[in-house]
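Undergrad: Let me give you the structure first, and then I'll get to my questions.
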Amino acid sequence: MTMLRRQPLSSMEAVSASVWNALVGDDHPFLRHEFLHALEASGSACPATGWVPRHQTLWQGEALVGLMPLYHKHHSFGEYVFDWAWADAWERAGGRYYPKALTAIPYTPAPGPRLALASGVDPREARETLASAWEEGELSGWHLLFAEEAEVAEWQQAWPGLLARHGVQFQWQDRGYGDFEGFLATLTSKRRKAIRRERRIVADQTLSLHRLEGEAIDAAALEHFYRCYEITYLERGRHGYLNLDFFRRLRATMPENLLLVQARRDDRPVAAALYLQGARTLFGRYWGSEVSADCLHFEACYYQGIEHCLARGLTRFDPGTQGEHKLTRGFEPRLLTSLHHIADPRLRDAVARFCAEEREHVLAYRRAAESALPFRDEAKIDSAGEQ
């Protein structure tokens, strides 16, 4: 067997979409060539915005047999695993935290694969070959964010010195509900009534919801969505990370992965939520509204997503990061693990102590979240062993 050869790419244009996507599964659209290329080509994630592409590829002869997105970062914006305090402490102590190496999907805190390998490639050899990528230059370390738990475990086995940091997200899973009423039937009477009431409130405000997929999302619908998306960020005093060109590129190159939930009043769109979907999973990502309407966010971003999963046979719904309010709507807590290689032993020791202390708080938070799930006793989900 030919030895693995590592080759970094300074742009997604350096490899064809067909060659890249041949290694990528069908359930995580964010690892697709089209998504990563749209980020770069639109200027959303590029050197000018502090994301320097150094994607790692593995080759056997002329064949691409492994890939992993990687960026050299000059800040920590758009990552959602917050290490600002680490950077600040280290730089106040006279160290240099940036640039760092980061394996993640820019602006996308969605768990999924980060390393894709062809069949027959030794995973351990692949990881050992890739590790040399962040031992070059003046990088302070390497960070792996939102990888799948099986992949995290494989990295930890191959490289025991990696530091683990934990967090919690909330995800919905189809437990054989059949339809939305079947899902509601597993909840306590109080929560069933609350959800039905929230949905009635939306309808009583003369709002109707419409799900558009793929080619049904025309240019006007996409541009309206983007206006709403920008409103959400402008309310916080800044523009969104992603520009209209990025979303136009997604619509042009991967429409089959897009779902747009549009809220209309008098047949005019007034709010929108854009999702991405894989073969088994729905990912809720972007939202905005031109109007202030009670419960509309819950309807457009949660209930429509659950209904879509049940209608299309998707078994998991990842609605995005943050929000205990997801718990009472049937989204279960999921423990996530990020991995961190810190080059300087002094900083590594401090970060290790921080992660160990934080872990106890995260696990306690998860236990409390599980106890707050709204399922009836006979329908309780035992997720203590799930990751």
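Order determines the names: the first chain of the structure tokens is A, the second B, and so forth; residues in each chain are numbered 1 upward, and ligands are numbered 1 upward as they are shown.
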Hey, what's within 9 Å of Gly305 (chain A) if we count only C-alpha atoms and toss same-chain stuff fewer than 5 positions away? As a PyMOL selection string, please?
TA: chain A and resi 261+275+282-284+299-300+310+317+319
Undergrad: Please provide the set of residues having any atom within 10 Å of Phe77 (chain A), restricted to only C-alpha atoms, with same-chain residues fewer than 4 positions apart removed, written as a list in words.
TA: Thr49, Gly50, Trp51, Lys73, Val81, Phe82, Asp83, Trp84, Pro106, Tyr107 and Tyr241 of chain A
Undergrad: Pull all heavy atoms from the residues just selected and write them as a JSON list (two decimals), in the first residue's frame.
TA:
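This went into selection_13.json:
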[["chain", "number", "residue", "atom", "x", "y", "z"],
["A", 49, "THR", "N", -11.37, 37.88, 6.37],
["A", 49, "THR", "CA", -12.23, 37.82, 7.56],
["A", 49, "THR", "C", -11.59, 37.01, 8.69],
["A", 49, "THR", "O", -12.26, 36.67, 9.67],
["A", 49, "THR", "CB", -13.60, 37.22, 7.21],
["A", 49, "THR", "OG1", -13.42, 35.90, 6.67],
["A", 49, "THR", "CG2", -14.34, 38.09, 6.20],
["A", 50, "GLY", "N", -10.30, 36.69, 8.56],
["A", 50, "GLY", "CA", -9.59, 35.99, 9.62],
["A", 50, "GLY", "C", -9.63, 34.49, 9.55],
["A", 50, "GLY", "O", -9.19, 33.82, 10.48],
["A", 51, "TRP", "N", -10.14, 33.94, 8.44],
["A", 51, "TRP", "CA", -10.17, 32.49, 8.22],
["A", 51, "TRP", "C", -9.23, 32.19, 7.05],
["A", 51, "TRP", "O", -9.58, 32.44, 5.89],
["A", 51, "TRP", "CB", -11.57, 32.01, 7.87],
["A", 51, "TRP", "CG", -12.61, 32.22, 8.94],
["A", 51, "TRP", "CD1", -13.24, 33.38, 9.25],
["A", 51, "TRP", "CD2", -13.14, 31.21, 9.80],
["A", 51, "TRP", "NE1", -14.14, 33.18, 10.27],
["A", 51, "TRP", "CE2", -14.10, 31.86, 10.63],
["A", 51, "TRP", "CE3", -12.91, 29.85, 9.97],
["A", 51, "TRP", "CZ2", -14.83, 31.17, 11.60],
["A", 51, "TRP", "CZ3", -13.63, 29.16, 10.93],
["A", 51, "TRP", "CH2", -14.57, 29.82, 11.74],
["A", 73, "LYS", "N", -6.59, 30.54, 12.19],
["A", 73, "LYS", "CA", -7.48, 31.58, 12.68],
["A", 73, "LYS", "C", -6.68, 32.68, 13.39],
["A", 73, "LYS", "O", -5.77, 32.40, 14.15],
["A", 73, "LYS", "CB", -8.51, 31.00, 13.66],
["A", 73, "LYS", "CG", -9.63, 30.19, 13.05],
["A", 73, "LYS", "CD", -10.57, 31.01, 12.17],
["A", 73, "LYS", "CE", -11.24, 32.16, 12.90],
["A", 73, "LYS", "NZ", -12.16, 31.75, 13.98],
["A", 81, "VAL", "N", -17.39, 27.59, 20.35],
["A", 81, "VAL", "CA", -16.74, 26.99, 21.52],
["A", 81, "VAL", "C", -15.76, 28.06, 21.98],
["A", 81, "VAL", "O", -14.73, 28.28, 21.35],
["A", 81, "VAL", "CB", -16.02, 25.68, 21.19],
["A", 81, "VAL", "CG1", -15.25, 25.17, 22.41],
["A", 81, "VAL", "CG2", -17.02, 24.62, 20.73],
["A", 82, "PHE", "N", -16.10, 28.75, 23.04],
["A", 82, "PHE", "CA", -15.47, 30.04, 23.31],
["A", 82, "PHE", "C", -14.15, 29.88, 24.07],
["A", 82, "PHE", "O", -14.12, 29.36, 25.19],
["A", 82, "PHE", "CB", -16.45, 30.91, 24.10],
["A", 82, "PHE", "CG", -17.76, 31.10, 23.37],
["A", 82, "PHE", "CD1", -18.91, 30.47, 23.81],
["A", 82, "PHE", "CD2", -17.83, 31.88, 22.23],
["A", 82, "PHE", "CE1", -20.11, 30.63, 23.13],
["A", 82, "PHE", "CE2", -19.02, 32.05, 21.55],
["A", 82, "PHE", "CZ", -20.17, 31.42, 22.00],
["A", 83, "ASP", "N", -13.08, 30.35, 23.45],
["A", 83, "ASP", "CA", -11.77, 30.30, 24.08],
["A", 83, "ASP", "C", -11.15, 31.69, 24.22],
["A", 83, "ASP", "O", -9.94, 31.82, 24.35],
["A", 83, "ASP", "CB", -10.83, 29.39, 23.29],
["A", 83, "ASP", "CG", -10.58, 29.87, 21.86],
["A", 83, "ASP", "OD1", -11.26, 30.82, 21.42],
["A", 83, "ASP", "OD2", -9.70, 29.30, 21.18],
["A", 84, "TRP", "N", -11.99, 32.72, 24.21],
["A", 84, "TRP", "CA", -11.48, 34.08, 24.35],
["A", 84, "TRP", "C", -10.71, 34.24, 25.66],
["A", 84, "TRP", "O", -9.67, 34.93, 25.69],
["A", 84, "TRP", "CB", -12.65, 35.08, 24.32],
["A", 84, "TRP", "CG", -13.35, 35.18, 23.00],
["A", 84, "TRP", "CD1", -14.56, 34.67, 22.69],
["A", 84, "TRP", "CD2", -12.89, 35.87, 21.82],
["A", 84, "TRP", "NE1", -14.90, 34.99, 21.38],
["A", 84, "TRP", "CE2", -13.89, 35.71, 20.84],
["A", 84, "TRP", "CE3", -11.73, 36.58, 21.53],
["A", 84, "TRP", "CZ2", -13.76, 36.26, 19.57],
["A", 84, "TRP", "CZ3", -11.60, 37.12, 20.25],
["A", 84, "TRP", "CH2", -12.61, 36.95, 19.29],
["A", 106, "PRO", "N", -16.98, 26.86, 9.49],
["A", 106, "PRO", "CA", -17.17, 28.24, 9.92],
["A", 106, "PRO", "C", -18.63, 28.60, 10.18],
["A", 106, "PRO", "O", -19.52, 28.25, 9.39],
["A", 106, "PRO", "CB", -16.61, 29.04, 8.74],
["A", 106, "PRO", "CG", -15.59, 28.14, 8.12],
["A", 106, "PRO", "CD", -16.17, 26.76, 8.27],
["A", 107, "TYR", "N", -18.86, 29.25, 11.32],
["A", 107, "TYR", "CA", -20.17, 29.78, 11.69],
["A", 107, "TYR", "C", -21.25, 28.70, 11.81],
["A", 107, "TYR", "O", -22.44, 29.00, 11.73],
["A", 107, "TYR", "CB", -20.65, 30.82, 10.66],
["A", 107, "TYR", "CG", -19.59, 31.79, 10.22],
["A", 107, "TYR", "CD1", -19.20, 31.86, 8.89],
["A", 107, "TYR", "CD2", -18.97, 32.64, 11.12],
["A", 107, "TYR", "CE1", -18.22, 32.76, 8.47],
["A", 107, "TYR", "CE2", -17.99, 33.54, 10.72],
["A", 107, "TYR", "CZ", -17.61, 33.59, 9.40],
["A", 107, "TYR", "OH", -16.65, 34.47, 8.98],
["A", 241, "TYR", "N", -22.66, 37.22, 9.87],
["A", 241, "TYR", "CA", -21.40, 36.70, 9.37],
["A", 241, "TYR", "C", -21.47, 36.37, 7.87],
["A", 241, "TYR", "O", -20.47, 36.44, 7.16],
["A", 241, "TYR", "CB", -21.04, 35.40, 10.11],
["A", 241, "TYR", "CG", -20.57, 35.58, 11.54],
["A", 241, "TYR", "CD1", -21.21, 34.92, 12.58],
["A", 241, "TYR", "CD2", -19.47, 36.39, 11.84],
["A", 241, "TYR", "CE1", -20.77, 35.04, 13.89],
["A", 241, "TYR", "CE2", -19.03, 36.53, 13.14],
["A", 241, "TYR", "CZ", -19.68, 35.85, 14.16],
["A", 241, "TYR", "OH", -19.24, 35.98, 15.46]]
Undergrad: Which neighbours of Thr2 (chain A) fall inside 10 Å, counting only C-alpha atoms, when residues of the same chain fewer than 6 positions from it are skipped, and could you give them as a ChimeraX atom specification?
TA: /A:59-61
Undergrad: Given the selection you just returned, output its residues as a file containing C-alpha atoms, formatted as an mmCIF file, in the first residue's frame.
TA:
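result_5.cif, freshly written:
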data_model
loop_
_atom_site.group_PDB
_atom_site.id
_atom_site.type_symbol
_atom_site.label_atom_id
_atom_site.label_comp_id
_atom_site.auth_asym_id
_atom_site.auth_seq_id
_atom_site.Cartn_x
_atom_site.Cartn_y
_atom_site.Cartn_z
ATOM 1 C CA TRP A 59 -3.319 11.163 -1.104
ATOM 2 C CA GLN A 60 -2.183 7.745 -2.210
ATOM 3 C CA GLY A 61 -0.542 8.315 -5.531
#
Undergrad: Can you list, as an NGL selection string, every residue of region 122-299 of chain A that DSSP puts in strand (DSSP E or B)?
TA: :A and (141-144 or 147 or 163-173 or 187 or 208-213 or 258-265 or 268-277 or 281-289)
Undergrad: Could you write out the selected residues, including N, CA and C atoms, as a tab-separated table (two decimals), in the first residue's frame?
TA:
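What ended up in result01.tsv:
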chain	number	residue	atom	x	y	z
A	141	GLY	N	-1.64	26.02	18.64
A	141	GLY	CA	-2.28	24.73	18.87
A	141	GLY	C	-3.30	24.41	17.79
A	142	TRP	N	-4.05	23.35	18.05
A	142	TRP	CA	-5.08	22.90	17.11
A	142	TRP	C	-6.34	22.59	17.90
A	143	HIS	N	-7.50	22.93	17.30
A	143	HIS	CA	-8.79	22.78	17.98
A	143	HIS	C	-9.77	22.07	17.04
A	144	LEU	N	-10.39	21.03	17.54
A	144	LEU	CA	-11.38	20.24	16.79
A	144	LEU	C	-12.74	20.47	17.41
A	147	ALA	N	-17.12	17.73	16.29
A	147	ALA	CA	-16.97	16.45	15.60
A	147	ALA	C	-17.92	15.43	16.20
A	163	LEU	N	-6.73	17.65	24.94
A	163	LEU	CA	-7.61	18.07	26.04
A	163	LEU	C	-9.06	18.06	25.57
A	164	ALA	N	-9.94	17.52	26.40
A	164	ALA	CA	-11.36	17.45	26.05
A	164	ALA	C	-12.13	18.53	26.79
A	165	ARG	N	-13.01	19.20	26.06
A	165	ARG	CA	-13.90	20.19	26.65
A	165	ARG	C	-15.33	19.83	26.28
A	166	HIS	N	-16.24	19.98	27.22
A	166	HIS	CA	-17.60	19.50	27.01
A	166	HIS	C	-18.62	20.64	26.98
A	167	GLY	N	-19.68	20.39	26.27
A	167	GLY	CA	-20.79	21.32	26.20
A	167	GLY	C	-22.08	20.55	25.95
A	168	VAL	N	-23.19	21.26	25.93
A	168	VAL	CA	-24.50	20.63	25.75
A	168	VAL	C	-25.27	21.35	24.66
A	169	GLN	N	-25.85	20.58	23.77
A	169	GLN	CA	-26.82	21.09	22.80
A	169	GLN	C	-28.12	20.30	22.95
A	170	PHE	N	-29.16	20.77	22.27
A	170	PHE	CA	-30.47	20.13	22.35
A	170	PHE	C	-30.89	19.67	20.96
A	171	GLN	N	-31.28	18.40	20.87
A	171	GLN	CA	-31.70	17.84	19.59
A	171	GLN	C	-32.98	17.03	19.77
A	172	TRP	N	-33.77	17.03	18.72
A	172	TRP	CA	-35.00	16.24	18.69
A	172	TRP	C	-34.72	14.95	17.93
A	173	GLN	N	-35.32	13.85	18.41
A	173	GLN	CA	-35.17	12.58	17.70
A	173	GLN	C	-36.54	11.95	17.51
A	187	LEU	N	-45.95	13.64	25.34
A	187	LEU	CA	-45.64	14.71	26.28
A	187	LEU	C	-46.67	14.77	27.41
A	208	SER	N	-49.59	32.38	8.24
A	208	SER	CA	-49.59	31.01	7.72
A	208	SER	C	-48.15	30.61	7.42
A	209	LEU	N	-47.85	29.34	7.59
A	209	LEU	CA	-46.50	28.81	7.40
A	209	LEU	C	-46.45	27.95	6.14
A	210	HIS	N	-45.34	28.10	5.41
A	210	HIS	CA	-45.17	27.38	4.14
A	210	HIS	C	-43.75	26.84	4.07
A	211	ARG	N	-43.64	25.55	3.72
A	211	ARG	CA	-42.32	24.92	3.59
A	211	ARG	C	-41.97	24.79	2.11
A	212	LEU	N	-40.86	25.40	1.73
A	212	LEU	CA	-40.37	25.38	0.35
A	212	LEU	C	-39.07	24.59	0.31
A	213	GLU	N	-38.95	23.69	-0.64
A	213	GLU	CA	-37.74	22.89	-0.76
A	213	GLU	C	-37.10	23.05	-2.13
A	258	LEU	N	-31.66	22.34	0.78
A	258	LEU	CA	-32.25	23.52	1.41
A	258	LEU	C	-33.74	23.34	1.68
A	259	LEU	N	-34.16	23.82	2.83
A	259	LEU	CA	-35.57	23.92	3.20
A	259	LEU	C	-35.79	25.34	3.72
A	260	LEU	N	-36.74	26.04	3.16
A	260	LEU	CA	-37.08	27.39	3.61
A	260	LEU	C	-38.49	27.37	4.18
A	261	VAL	N	-38.61	27.72	5.45
A	261	VAL	CA	-39.91	27.89	6.08
A	261	VAL	C	-40.24	29.37	6.03
A	262	GLN	N	-41.34	29.69	5.38
A	262	GLN	CA	-41.74	31.09	5.18
A	262	GLN	C	-43.05	31.36	5.89
A	263	ALA	N	-43.07	32.41	6.68
A	263	ALA	CA	-44.31	32.86	7.32
A	263	ALA	C	-44.91	33.98	6.48
A	264	ARG	N	-46.20	33.89	6.21
A	264	ARG	CA	-46.86	34.88	5.36
A	264	ARG	C	-48.06	35.48	6.08
A	265	ARG	N	-48.31	36.73	5.77
A	265	ARG	CA	-49.52	37.42	6.22
A	265	ARG	C	-50.13	38.09	5.00
A	268	ARG	N	-48.19	37.66	1.89
A	268	ARG	CA	-46.91	38.36	1.74
A	268	ARG	C	-45.94	37.81	2.78
A	269	PRO	N	-44.73	37.41	2.39
A	269	PRO	CA	-43.78	36.86	3.36
A	269	PRO	C	-43.34	37.92	4.36
A	270	VAL	N	-43.32	37.54	5.64
A	270	VAL	CA	-42.92	38.48	6.69
A	270	VAL	C	-41.84	37.90	7.61
A	271	ALA	N	-41.55	36.62	7.49
A	271	ALA	CA	-40.51	35.99	8.31
A	271	ALA	C	-40.05	34.73	7.59
A	272	ALA	N	-38.85	34.27	7.94
A	272	ALA	CA	-38.33	33.09	7.26
A	272	ALA	C	-37.26	32.40	8.10
A	273	ALA	N	-37.19	31.08	7.95
A	273	ALA	CA	-36.15	30.26	8.58
A	273	ALA	C	-35.57	29.35	7.52
A	274	LEU	N	-34.26	29.35	7.39
A	274	LEU	CA	-33.60	28.51	6.40
A	274	LEU	C	-32.92	27.34	7.10
A	275	TYR	N	-33.25	26.14	6.65
A	275	TYR	CA	-32.67	24.91	7.17
A	275	TYR	C	-31.79	24.26	6.08
A	276	LEU	N	-30.89	23.38	6.52
A	276	LEU	CA	-30.21	22.47	5.61
A	276	LEU	C	-30.57	21.06	6.03
A	277	GLN	N	-30.62	20.15	5.06
A	277	GLN	CA	-31.02	18.79	5.38
A	277	GLN	C	-30.11	17.78	4.70
A	281	THR	N	-30.89	13.79	8.72
A	281	THR	CA	-30.89	14.84	9.73
A	281	THR	C	-31.30	16.18	9.14
A	282	LEU	N	-32.08	16.92	9.90
A	282	LEU	CA	-32.44	18.29	9.56
A	282	LEU	C	-31.68	19.24	10.47
A	283	PHE	N	-31.12	20.29	9.87
A	283	PHE	CA	-30.34	21.27	10.63
A	283	PHE	C	-31.02	22.63	10.52
A	284	GLY	N	-31.52	23.14	11.65
A	284	GLY	CA	-32.06	24.48	11.68
A	284	GLY	C	-30.93	25.48	11.87
A	285	ARG	N	-30.84	26.51	11.00
A	285	ARG	CA	-29.64	27.33	11.04
A	285	ARG	C	-29.90	28.83	11.13
A	286	TYR	N	-30.75	29.39	10.26
A	286	TYR	CA	-30.82	30.83	10.13
A	286	TYR	C	-32.28	31.29	10.19
A	287	TRP	N	-32.51	32.43	10.85
A	287	TRP	CA	-33.89	32.88	11.09
A	287	TRP	C	-33.93	34.40	11.16
A	288	GLY	N	-35.07	34.96	10.77
A	288	GLY	CA	-35.30	36.39	10.95
A	288	GLY	C	-36.74	36.74	10.64
A	289	SER	N	-37.19	37.90	11.15
A	289	SER	CA	-38.58	38.31	10.96
A	289	SER	C	-38.68	39.82	10.80
Undergrad: CA of His28 (chain A) to CA of Gly112 (chain A): how many Å, to one decimal?
TA: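 Going from CA of His28 (chain A) over to CA of Gly112 (chain A), I get 6.3 Å.
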Undergrad: Select, from A:Leu130, A:Ala343, A:Leu145, A:Ala311, the residue with the minimum atom-to-atom distance to Leu102 (chain A), counting only C-alpha atoms.
TA: A:Leu145
Undergrad: Could you check the closest approach to Phe375 (chain A) for each of A:Phe247, A:Tyr233, A:Trp155, A:Phe183 and tell me which residue wins, using only C-alpha atoms?
TA: A:Phe183
Undergrad: Give me every helix (DSSP H, G or I) residue in region 143-250 of chain A, going by DSSP on the backbone, as a PyMOL selection string.
TA: chain A and resi 149-158+180-185+189-204+214-216+219-234+244-250
Undergrad: Hey, which of A:Ile201, A:Leu23, A:Ala101, A:Ala85 ends up closest to Glu138 (chain A)? Count only C-alpha atoms.
TA: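 Among the listed residues, A:Ala101 lies closest to Glu138 (chain A).
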Undergrad: Pick out the closest residue to Glu215 (chain A) from this set: A:Arg376, A:Arg334, A:Arg251, A:His361. Count only C-alpha atoms.
TA: A:Arg251
Undergrad: Excluding Ala38 (chain A) and any residue of its chain fewer than 5 positions from it, enumerate the residues within 9 Å of it, using only C-alpha atoms, and give them as a ChimeraX atom specification.
TA: /A:33,43-45,245-250,253
Undergrad: Please produce a file of those selected residues containing all heavy atoms, as a PDB file, in the first residue's frame.
TA:
ATOM      1  N   HIS A  33     -18.283  20.037  -0.597  1.00  0.00           N
ATOM      2  CA  HIS A  33     -17.447  21.011  -1.294  1.00  0.00           C
ATOM      3  C   HIS A  33     -18.224  22.293  -1.565  1.00  0.00           C
ATOM      4  O   HIS A  33     -17.705  23.407  -1.372  1.00  0.00           O
ATOM      5  CB  HIS A  33     -16.961  20.400  -2.615  1.00  0.00           C
ATOM      6  CG  HIS A  33     -15.960  21.224  -3.356  1.00  0.00           C
ATOM      7  ND1 HIS A  33     -16.311  22.339  -4.110  1.00  0.00           N
ATOM      8  CD2 HIS A  33     -14.603  21.116  -3.465  1.00  0.00           C
ATOM      9  CE1 HIS A  33     -15.230  22.859  -4.656  1.00  0.00           C
ATOM     10  NE2 HIS A  33     -14.175  22.150  -4.286  1.00  0.00           N
ATOM     11  N   GLY A  43     -16.574  35.379   0.269  1.00  0.00           N
ATOM     12  CA  GLY A  43     -15.835  36.247   1.180  1.00  0.00           C
ATOM     13  C   GLY A  43     -16.292  36.157   2.619  1.00  0.00           C
ATOM     14  O   GLY A  43     -15.873  36.954   3.460  1.00  0.00           O
ATOM     15  N   SER A  44     -17.133  35.178   2.941  1.00  0.00           N
ATOM     16  CA  SER A  44     -17.613  35.029   4.317  1.00  0.00           C
ATOM     17  C   SER A  44     -16.561  34.409   5.227  1.00  0.00           C
ATOM     18  O   SER A  44     -16.430  34.795   6.390  1.00  0.00           O
ATOM     19  CB  SER A  44     -18.889  34.172   4.333  1.00  0.00           C
ATOM     20  OG  SER A  44     -19.924  34.788   3.595  1.00  0.00           O
ATOM     21  N   ALA A  45     -15.829  33.420   4.728  1.00  0.00           N
ATOM     22  CA  ALA A  45     -14.751  32.780   5.480  1.00  0.00           C
ATOM     23  C   ALA A  45     -13.527  32.734   4.584  1.00  0.00           C
ATOM     24  O   ALA A  45     -13.378  31.832   3.752  1.00  0.00           O
ATOM     25  CB  ALA A  45     -15.156  31.380   5.930  1.00  0.00           C
ATOM     26  N   ASP A 245     -24.453  36.699  -1.153  1.00  0.00           N
ATOM     27  CA  ASP A 245     -23.785  35.889  -2.168  1.00  0.00           C
ATOM     28  C   ASP A 245     -23.592  34.458  -1.687  1.00  0.00           C
ATOM     29  O   ASP A 245     -23.735  33.503  -2.463  1.00  0.00           O
ATOM     30  CB  ASP A 245     -22.441  36.519  -2.530  1.00  0.00           C
ATOM     31  CG  ASP A 245     -21.742  35.774  -3.654  1.00  0.00           C
ATOM     32  OD1 ASP A 245     -22.416  35.422  -4.640  1.00  0.00           O
ATOM     33  OD2 ASP A 245     -20.527  35.541  -3.550  1.00  0.00           O
ATOM     34  N   PHE A 246     -23.285  34.284  -0.404  1.00  0.00           N
ATOM     35  CA  PHE A 246     -23.142  32.937   0.141  1.00  0.00           C
ATOM     36  C   PHE A 246     -24.426  32.139  -0.034  1.00  0.00           C
ATOM     37  O   PHE A 246     -24.409  30.997  -0.521  1.00  0.00           O
ATOM     38  CB  PHE A 246     -22.774  33.011   1.621  1.00  0.00           C
ATOM     39  CG  PHE A 246     -22.931  31.708   2.359  1.00  0.00           C
ATOM     40  CD1 PHE A 246     -22.016  30.684   2.194  1.00  0.00           C
ATOM     41  CD2 PHE A 246     -24.014  31.498   3.210  1.00  0.00           C
ATOM     42  CE1 PHE A 246     -22.166  29.474   2.855  1.00  0.00           C
ATOM     43  CE2 PHE A 246     -24.168  30.299   3.881  1.00  0.00           C
ATOM     44  CZ  PHE A 246     -23.242  29.280   3.708  1.00  0.00           C
ATOM     45  N   PHE A 247     -25.561  32.709   0.344  1.00  0.00           N
ATOM     46  CA  PHE A 247     -26.832  31.990   0.240  1.00  0.00           C
ATOM     47  C   PHE A 247     -27.225  31.762  -1.217  1.00  0.00           C
ATOM     48  O   PHE A 247     -27.804  30.722  -1.551  1.00  0.00           O
ATOM     49  CB  PHE A 247     -27.914  32.754   0.997  1.00  0.00           C
ATOM     50  CG  PHE A 247     -27.714  32.763   2.483  1.00  0.00           C
ATOM     51  CD1 PHE A 247     -27.319  33.915   3.154  1.00  0.00           C
ATOM     52  CD2 PHE A 247     -27.898  31.608   3.236  1.00  0.00           C
ATOM     53  CE1 PHE A 247     -27.123  33.924   4.518  1.00  0.00           C
ATOM     54  CE2 PHE A 247     -27.701  31.604   4.616  1.00  0.00           C
ATOM     55  CZ  PHE A 247     -27.309  32.764   5.253  1.00  0.00           C
ATOM     56  N   ARG A 248     -26.911  32.703  -2.079  1.00  0.00           N
ATOM     57  CA  ARG A 248     -27.185  32.496  -3.506  1.00  0.00           C
ATOM     58  C   ARG A 248     -26.387  31.319  -4.051  1.00  0.00           C
ATOM     59  O   ARG A 248     -26.881  30.548  -4.883  1.00  0.00           O
ATOM     60  CB  ARG A 248     -26.854  33.768  -4.277  1.00  0.00           C
ATOM     61  CG  ARG A 248     -27.893  34.878  -4.129  1.00  0.00           C
ATOM     62  CD  ARG A 248     -27.429  36.159  -4.779  1.00  0.00           C
ATOM     63  NE  ARG A 248     -28.493  37.164  -4.845  1.00  0.00           N
ATOM     64  CZ  ARG A 248     -28.274  38.450  -5.079  1.00  0.00           C
ATOM     65  NH1 ARG A 248     -27.018  38.907  -5.258  1.00  0.00           N
ATOM     66  NH2 ARG A 248     -29.294  39.301  -5.123  1.00  0.00           N
ATOM     67  N   ARG A 249     -25.162  31.193  -3.602  1.00  0.00           N
ATOM     68  CA  ARG A 249     -24.341  30.071  -4.056  1.00  0.00           C
ATOM     69  C   ARG A 249     -24.908  28.738  -3.557  1.00  0.00           C
ATOM     70  O   ARG A 249     -24.887  27.743  -4.298  1.00  0.00           O
ATOM     71  CB  ARG A 249     -22.898  30.258  -3.582  1.00  0.00           C
ATOM     72  CG  ARG A 249     -22.164  31.378  -4.323  1.00  0.00           C
ATOM     73  CD  ARG A 249     -20.767  31.615  -3.768  1.00  0.00           C
ATOM     74  NE  ARG A 249     -20.100  32.701  -4.478  1.00  0.00           N
ATOM     75  CZ  ARG A 249     -19.400  32.554  -5.595  1.00  0.00           C
ATOM     76  NH1 ARG A 249     -19.256  31.342  -6.119  1.00  0.00           N
ATOM     77  NH2 ARG A 249     -18.827  33.593  -6.176  1.00  0.00           N
ATOM     78  N   LEU A 250     -25.396  28.693  -2.321  1.00  0.00           N
ATOM     79  CA  LEU A 250     -26.032  27.463  -1.843  1.00  0.00           C
ATOM     80  C   LEU A 250     -27.233  27.108  -2.699  1.00  0.00           C
ATOM     81  O   LEU A 250     -27.423  25.939  -3.077  1.00  0.00           O
ATOM     82  CB  LEU A 250     -26.477  27.623  -0.381  1.00  0.00           C
ATOM     83  CG  LEU A 250     -25.411  27.776   0.696  1.00  0.00           C
ATOM     84  CD1 LEU A 250     -26.050  27.659   2.075  1.00  0.00           C
ATOM     85  CD2 LEU A 250     -24.289  26.780   0.538  1.00  0.00           C
ATOM     86  N   THR A 253     -25.953  25.711  -6.088  1.00  0.00           N
ATOM     87  CA  THR A 253     -25.126  24.510  -6.161  1.00  0.00           C
ATOM     88  C   THR A 253     -25.622  23.331  -5.343  1.00  0.00           C
ATOM     89  O   THR A 253     -25.264  22.183  -5.633  1.00  0.00           O
ATOM     90  CB  THR A 253     -23.684  24.826  -5.698  1.00  0.00           C
ATOM     91  OG1 THR A 253     -23.715  25.304  -4.345  1.00  0.00           O
ATOM     92  CG2 THR A 253     -23.051  25.886  -6.599  1.00  0.00           C
TER      93      THR A 253
END
Undergrad: Considering only C-alpha atoms, state which residue in the set A:Glu13, A:Asp377, A:Glu149, A:Asp179 is at the smallest distance from Leu39 (chain A).
TA: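 Closest to Leu39 (chain A) of all the choices is A:Glu13.
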